[in-house]
Amino acid sequence: MSHETLSTILFVFFVAGTLGITFWASRNTKTAADYYAGGRSFSGLQNGLAIGGDYMSAASFLGIAGIIALSGYDGFLYSIGFLVAWLVALLLVAELMRNSGKFTMADVLAFRMSPRPVRTAAGVSTIVVSIFYLLAQMVGAGALVGLLLGIHSEAGKIWTIIGVGLLMIVYVVFGGMKGTTWVQIVKAVLLMTGAALITLLVLGKFGFNLSSLLGEAAEKSGKGQALLEPGLKYGTEAQGIAGKIDLISLGLALVLGTAGLPHILIRFYTVPTSREARKSVQWGIGIIGVFYLLTLVLGFGAAALVGGKAITEQDKAGNTAAPQLAEAIGREIFGEVGGTILLAVIAAVAFATILAVVAGLTLASSSSFAHDLYAHVFKRGTATERQEVVVARISAFVIGAVAIGLSIFAQSLNVAFLVALAFAVAASGNLPAILFSLFWKRFNTAGAVSAIYGGLITSVLLVVFSPVVSGAPTAMFPEVDFHWFPLSNPGIVSIPVGFLAGYLGTTLSKEFNASKYAEIEVRSLTGLGAEQATEH
Amino acid sequence: MTTRQHDASVYEEIQTSERFRELRSRFRRWVFPMTVAFLAWYVLYVIMSGFARGFMGTKLFGNINVALVFGILQFVSTFLIAWGYSRHAARKLDPLADELRHEVEEKTAA
């Protein structure tokens with residue numbers, strides 16, 4: 001049996017299992033709190049696993065392992081930003097948000113502001129960030145199927161995108177937050193198990209001596225000792241000072257973006273109390289941290305055992321490094337069959353990874369459309385819970401369909417930059433609005449609206465005129481050149497702009513509601529009046 | 001169970017109370033300096049990765065260099081801060097927050 005067949009069989013098992021869970025979840029999803037927040041009845045550990053499942057995308061599994069395999073240390077730099085970012089969520093956002101919000105990010109922002117303009121801004125930002133992220137994942141899925149299952153035809157890629165899109169629509173429309181959370185939990189367990197297994201085998205081969213693994217990786221990669229040092233990918237000496245500033249800009253967006261990503265923020269509502277929210281972020285930090293340590297071994301292991309040349313022959317970006325490593329180590333230890341099995345397992349895990357992440361993104365954007373835009377902006381709060389959930393399901397379907405269409409259109413373009421852009425928008429628009437809402441007494445509607453649009457528009461514009469969109473061979477449109485902004489990552493400019501816009505908007509407007517500030521401050525710190533879990 | 005609603009006056013009364021101020025200051029005095037510290041520590045790491053490559057490439061033992069150790073230390077500090085925060089919260093924040101919340105909830109329920 002070929003590894004493609006075995007991968008497909010394993011993946012079909014995953015799909016069947018998760019569809020079963022979705023069906024079960026749909027029967028237990030009755031109220032709006034069930035649909036949007038899984039009835040707020042997940043435990044800290046369960047939500048921690050789901051946080052891992054929501055966060056560790058194929059980009060961070062295959063992508064970072066690939067960057068480490070080809071460019072060495074710089075991939076590690078990326079994962080450190082992704083991890084440290086969780087401290088912002090833990091210390092400043094998770095618990096306070098759980099206590100003061102209800103279903104979406106906008107609930108916290110609109111708490112003491114004029115609801116319609118703030119919810120419109122937050123809804124737009126949520127949908128834009130989620131769609132950027134979604135496109136990157138789905139186009140990635142199309143490319144991945146070619147690499148992992150040997151389907152290289154145009155039609156094969158398009159059908160993969162459609163298949164991934166349809167599954168994510170089914171998970172979200174029927175399973176809501178409950179179904180999506182369980183899909184993410186299952187995926188997190190599979191991903192951690194798969195990554196840990198390969199890591200153990202690789203370390204075992206090197207007698208659990210990290211130094212000799214690194215030495216072998218440096219030698220076989222063709223890069224020598226430079227592989228173990230920063231500078232092969234980000235801020236290379238050839239790019240000069242702009243490249244190094246770009247590196248810092250990327251680092252800032254990574255560390256500040258996570259706590260502003262809507263699909264991450266809504267995870268804090270799925271637990272009964274702020275204490276469980278704290279616990280879930282702690283589990284999340286543990287799981288994500290261990291996972292990135294594993295990818296370090298996977299990446300250097302791929303460099304050492306597969307070699308730089310064999311990896312770039314399969315995929316220039318190195319996305320197949322982890323699956324190739326699985327095959328190589330499996331074959332070496334268990335023979336031909338072992339190689340086939342391990343490769344198939346890792347390929348199936350990669351697809352499970354994509355599905356869990358895209359489902360989370362679709363849920364976040366459709367929830368925001370239904371709860372923020374439909375119920376509070378269009379209907380001015382007169383919609384019933386039932387109507388809201390119906391609209392949420394319809395919008396999950398529509399957003400899913402739009403994402404499929406856009407991904408098919410974009411599948412031949414290089415859209416990997418969209419993940420970094422989503423982080424930049426989240427850090428520049430959403431994070432200042434959230435932090436000011438929770439901590440700054442004087443903050444008001446004009447401030448919230450200015451922060452969100454200021455951060456969003458600045459990041460998007462700077463990226464449009466950056467070398468990732470035009471004027472470089474690796475750009476989205478390599479044939480044309482209209483770029484003038486030298487950095488690929490806008491964070492170093494757009495994050496201060498977002499905070500400054502929030503500050504100026506606030507101070508230029510007279511609006512201030514002292515009693516609402518008292519309410520959000522007391523509620524966020526004590527949990528008094530916070531949303532309760534539904535009981536079944 | 002539905003969520004209890006409270007009058008605005010209840011919140012304003014708590015906000016100005018001595019114990020709530022104490023809770024807020026215990027929270028902020030821990031998380032604000034710590035946030036500044038871990039962000040500075042992280043930014044230092046990113047800047048060194050860009051501008052101090054010679055130093056980062058210095059070998060410490062075998063093939064383990066400063067860059068790798070510095071990176072691992074970012075993981076260690078993240079885990080330690082997360083653990084330290086949970087200890088602080090469980091000892092210094094949760095009891096006070098519970099006390100404030102229960103008092104109002106009992107009053108409202110009565």
# chains A, B, ... in the order shown; residues from 1 in each chain; ligands from 1
>>> interface_residues(of="chain B", to="chain A", cutoff="7 Å", atoms="only C-alpha atoms", output="list of chain:residue names")
B:Met1, B:Thr2, B:Thr3, B:Arg4, B:Gln5, B:His6, B:Ala8, B:Tyr11, B:Glu12, B:Gln15, B:Val31, B:Val46, B:Ile47, B:Ser49, B:Gly50, B:Arg53, B:Met56, B:Gly57, B:Gly62, B:Asn63, B:Ile64, B:Ala67, B:Phe75, B:Thr78, B:Ala82, B:Ala97, B:Asp98, B:Leu100, B:Arg101
>>> select_by_dssp(residues="range 37-86 of chain B", states="strand (DSSP E)", output="short mmCIF file (atom, residue, chain, number, x, y, z; two decimals) with C-alpha atoms, in the first residue's frame")
data_model
loop_
_atom_site.label_atom_id
_atom_site.label_comp_id
_atom_site.auth_asym_id
_atom_site.auth_seq_id
_atom_site.Cartn_x
_atom_site.Cartn_y
_atom_site.Cartn_z
CA LYS B 59 29.76 28.52 20.86
CA LEU B 60 29.24 27.62 24.49
CA PHE B 61 29.67 23.85 24.45
CA ILE B 64 25.24 24.77 21.38
CA ASN B 65 25.67 28.52 20.86
#
>>> select_by_dssp(residues="range 2-101 of chain B", states="alpha helix (DSSP H)", output="count of residues only")
77
>>> atom_distance(atom1="CA of Gly257 in chain A", atom2="CA of Leu431 in chain A")
7.2 Å
>>> atom_distance(atom1="CA of Pro323 in chain A", atom2="CA of Gly204 in chain A")
18.1 Å
>>> residues_around(residues="Ser450 in chain A", least_positions_apart="6", cutoff="6 Å", atoms="only C-alpha atoms", output="ChimeraX atom specification")
/A:501-502,505
>>> residues_around(residues="Asn414 in chain A", least_positions_apart="3", cutoff="10 Å", atoms="only C-alpha atoms", output="number ranges by chain")
A: 136, 139-140, 410-411, 417-418, 468-469, 474-478
>>> write_last_selection(atoms="C-alpha atoms", output="PDB file, in the first residue's frame")
ATOM      1  CA  ALA A 136      -3.490  31.571   3.768  1.00  0.00           C
ATOM      2  CA  VAL A 139      -4.350  28.028  -0.284  1.00  0.00           C
ATOM      3  CA  GLY A 140      -1.734  26.225   1.801  1.00  0.00           C
ATOM      4  CA  ALA A 410      -5.589  32.996  -5.159  1.00  0.00           C
ATOM      5  CA  GLN A 411      -4.230  29.444  -5.321  1.00  0.00           C
ATOM      6  CA  PHE A 417       2.340  36.773   3.913  1.00  0.00           C
ATOM      7  CA  LEU A 418      -1.357  36.916   4.873  1.00  0.00           C
ATOM      8  CA  VAL A 468       5.412  41.146  -0.525  1.00  0.00           C
ATOM      9  CA  VAL A 469       2.720  42.357  -2.922  1.00  0.00           C
ATOM     10  CA  THR A 474       8.613  36.267  -4.428  1.00  0.00           C
ATOM     11  CA  ALA A 475       5.802  38.860  -4.380  1.00  0.00           C
ATOM     12  CA  MET A 476       2.117  38.121  -4.840  1.00  0.00           C
ATOM     13  CA  PHE A 477       2.284  39.942  -8.200  1.00  0.00           C
ATOM     14  CA  PRO A 478       5.931  39.606  -9.253  1.00  0.00           C
TER      15      PRO A 478
END
>>> residues_around(residues="Met105 in chain A", least_positions_apart="2", cutoff="8 Å", atoms="only C-alpha atoms", output="PyMOL selection string")
chain A and resi 101+103+107-109+122+262+265-266+368
>>> write_last_selection(atoms="N, CA and C atoms", output="mmCIF file, in the first residue's frame")
data_model
loop_
_atom_site.group_PDB
_atom_site.id
_atom_site.type_symbol
_atom_site.label_atom_id
_atom_site.label_comp_id
_atom_site.auth_asym_id
_atom_site.auth_seq_id
_atom_site.Cartn_x
_atom_site.Cartn_y
_atom_site.Cartn_z
ATOM 1 N N GLY A 101 -16.974 40.064 28.709
ATOM 2 C CA GLY A 101 -17.617 39.858 27.415
ATOM 3 C C GLY A 101 -18.646 38.757 27.417
ATOM 4 N N PHE A 103 -19.919 36.929 23.769
ATOM 5 C CA PHE A 103 -19.681 36.001 22.658
ATOM 6 C C PHE A 103 -18.531 36.406 21.738
ATOM 7 N N ASP A 107 -17.910 42.509 22.182
ATOM 8 C CA ASP A 107 -18.663 42.645 23.438
ATOM 9 C C ASP A 107 -17.886 43.454 24.466
ATOM 10 N N VAL A 108 -16.569 43.222 24.513
ATOM 11 C CA VAL A 108 -15.746 43.943 25.483
ATOM 12 C C VAL A 108 -15.561 45.398 25.053
ATOM 13 N N LEU A 109 -15.340 45.593 23.755
ATOM 14 C CA LEU A 109 -15.091 46.952 23.261
ATOM 15 C C LEU A 109 -16.346 47.821 23.353
ATOM 16 N N ALA A 122 -15.330 46.680 15.038
ATOM 17 C CA ALA A 122 -14.784 45.405 15.525
ATOM 18 C C ALA A 122 -15.213 44.250 14.625
ATOM 19 N N PRO A 262 -9.211 37.483 16.810
ATOM 20 C CA PRO A 262 -10.579 37.181 17.250
ATOM 21 C C PRO A 262 -10.845 35.697 17.484
ATOM 22 N N LEU A 265 -9.478 34.961 20.851
ATOM 23 C CA LEU A 265 -10.190 35.636 21.946
ATOM 24 C C LEU A 265 -11.499 34.933 22.299
ATOM 25 N N ILE A 266 -12.235 34.451 21.286
ATOM 26 C CA ILE A 266 -13.525 33.831 21.622
ATOM 27 C C ILE A 266 -13.344 32.506 22.364
ATOM 28 N N SER A 368 -19.096 36.915 14.712
ATOM 29 C CA SER A 368 -19.032 38.359 14.770
ATOM 30 C C SER A 368 -20.040 38.980 13.812
#
>>> residues_around(residues="Val402 in chain A", least_positions_apart="2", cutoff="12 Å", atoms="only C-alpha atoms", output="ChimeraX atom specification")
/A:127,131-132,134-135,138,161-162,165-166,169,362,366,395-400,404-409
>>> write_last_selection(atoms="C-alpha atoms", output="mmCIF file, in the first residue's frame")
data_model
loop_
_atom_site.group_PDB
_atom_site.id
_atom_site.type_symbol
_atom_site.label_atom_id
_atom_site.label_comp_id
_atom_site.auth_asym_id
_atom_site.auth_seq_id
_atom_site.Cartn_x
_atom_site.Cartn_y
_atom_site.Cartn_z
ATOM 1 C CA ILE A 127 -13.928 39.418 9.490
ATOM 2 C CA ILE A 131 -10.462 35.931 6.138
ATOM 3 C CA PHE A 132 -6.778 36.816 5.624
ATOM 4 C CA LEU A 134 -8.339 31.630 6.330
ATOM 5 C CA LEU A 135 -7.082 32.317 2.788
ATOM 6 C CA MET A 138 -6.784 27.136 2.495
ATOM 7 C CA ILE A 161 -9.732 23.552 -1.386
ATOM 8 C CA ILE A 162 -13.417 22.821 -1.960
ATOM 9 C CA GLY A 165 -13.961 24.387 2.776
ATOM 10 C CA LEU A 166 -17.029 22.141 2.819
ATOM 11 C CA ILE A 169 -18.589 24.698 6.869
ATOM 12 C CA THR A 362 -14.938 30.539 10.193
ATOM 13 C CA SER A 366 -19.536 34.239 11.370
ATOM 14 C CA SER A 395 -23.099 33.480 7.619
ATOM 15 C CA ALA A 396 -20.761 30.571 8.417
ATOM 16 C CA PHE A 397 -21.978 29.007 5.203
ATOM 17 C CA VAL A 398 -21.581 32.233 3.205
ATOM 18 C CA ILE A 399 -18.148 33.089 4.642
ATOM 19 C CA GLY A 400 -17.022 29.526 3.984
ATOM 20 C CA ILE A 404 -13.454 28.768 -1.030
ATOM 21 C CA GLY A 405 -13.983 31.111 -3.997
ATOM 22 C CA LEU A 406 -11.186 33.494 -3.006
ATOM 23 C CA SER A 407 -8.798 30.631 -2.282
ATOM 24 C CA ILE A 408 -9.391 29.084 -5.705
ATOM 25 C CA PHE A 409 -8.730 32.482 -7.261
#
>>> closest_residue(among="B:Ala90, B:Ser77, B:Glu103, B:Glu13", to="Arg26 in chain B", atoms="only C-alpha atoms")
B:Ala90
>>> atom_distance(atom1="CA of Met97 in chain A", atom2="CA of Thr270 in chain A")
11.6 Å
>>> residues_around(residues="Pro486 in chain A", least_positions_apart="4", cutoff="8 Å", atoms="only C-alpha atoms", output="PDB file with C-alpha atoms, in the first residue's frame")
ATOM      1  CA  ALA A 242      16.069  47.471   6.317  1.00  0.00           C
ATOM      2  CA  SER A 466       5.400  46.545   0.370  1.00  0.00           C
ATOM      3  CA  PRO A 467       7.673  44.094  -1.437  1.00  0.00           C
TER       4      PRO A 467
END
>>> decode(residues="range 294-316 of chain A", atoms="C-alpha atoms", output="PDB file, in the first residue's frame")
ATOM      1  CA  LEU A 294       9.526  19.658  19.278  1.00  0.00           C
ATOM      2  CA  THR A 295       9.523  21.536  15.951  1.00  0.00           C
ATOM      3  CA  LEU A 296      13.077  22.622  16.722  1.00  0.00           C
ATOM      4  CA  VAL A 297      14.128  18.967  16.754  1.00  0.00           C
ATOM      5  CA  LEU A 298      11.937  18.193  13.729  1.00  0.00           C
ATOM      6  CA  GLY A 299      13.455  21.028  11.706  1.00  0.00           C
ATOM      7  CA  PHE A 300      17.095  20.318  12.569  1.00  0.00           C
ATOM      8  CA  GLY A 301      16.330  16.590  12.333  1.00  0.00           C
ATOM      9  CA  ALA A 302      15.076  17.087   8.770  1.00  0.00           C
ATOM     10  CA  ALA A 303      18.205  19.045   7.905  1.00  0.00           C
ATOM     11  CA  ALA A 304      20.377  16.283   9.345  1.00  0.00           C
ATOM     12  CA  LEU A 305      18.564  13.193   8.080  1.00  0.00           C
ATOM     13  CA  VAL A 306      16.924  14.372   4.854  1.00  0.00           C
ATOM     14  CA  GLY A 307      19.357  17.136   3.879  1.00  0.00           C
ATOM     15  CA  GLY A 308      18.789  20.572   2.411  1.00  0.00           C
ATOM     16  CA  LYS A 309      19.005  19.407  -1.187  1.00  0.00           C
ATOM     17  CA  ALA A 310      16.370  16.665  -0.915  1.00  0.00           C
ATOM     18  CA  ILE A 311      13.988  19.051   0.883  1.00  0.00           C
ATOM     19  CA  THR A 312      14.200  21.873  -1.665  1.00  0.00           C
ATOM     20  CA  GLU A 313      13.746  19.357  -4.478  1.00  0.00           C
ATOM     21  CA  GLN A 314      10.281  18.589  -3.062  1.00  0.00           C
ATOM     22  CA  ASP A 315       9.317  22.106  -2.050  1.00  0.00           C
ATOM     23  CA  LYS A 316      11.373  25.287  -2.231  1.00  0.00           C
TER      24      LYS A 316
END
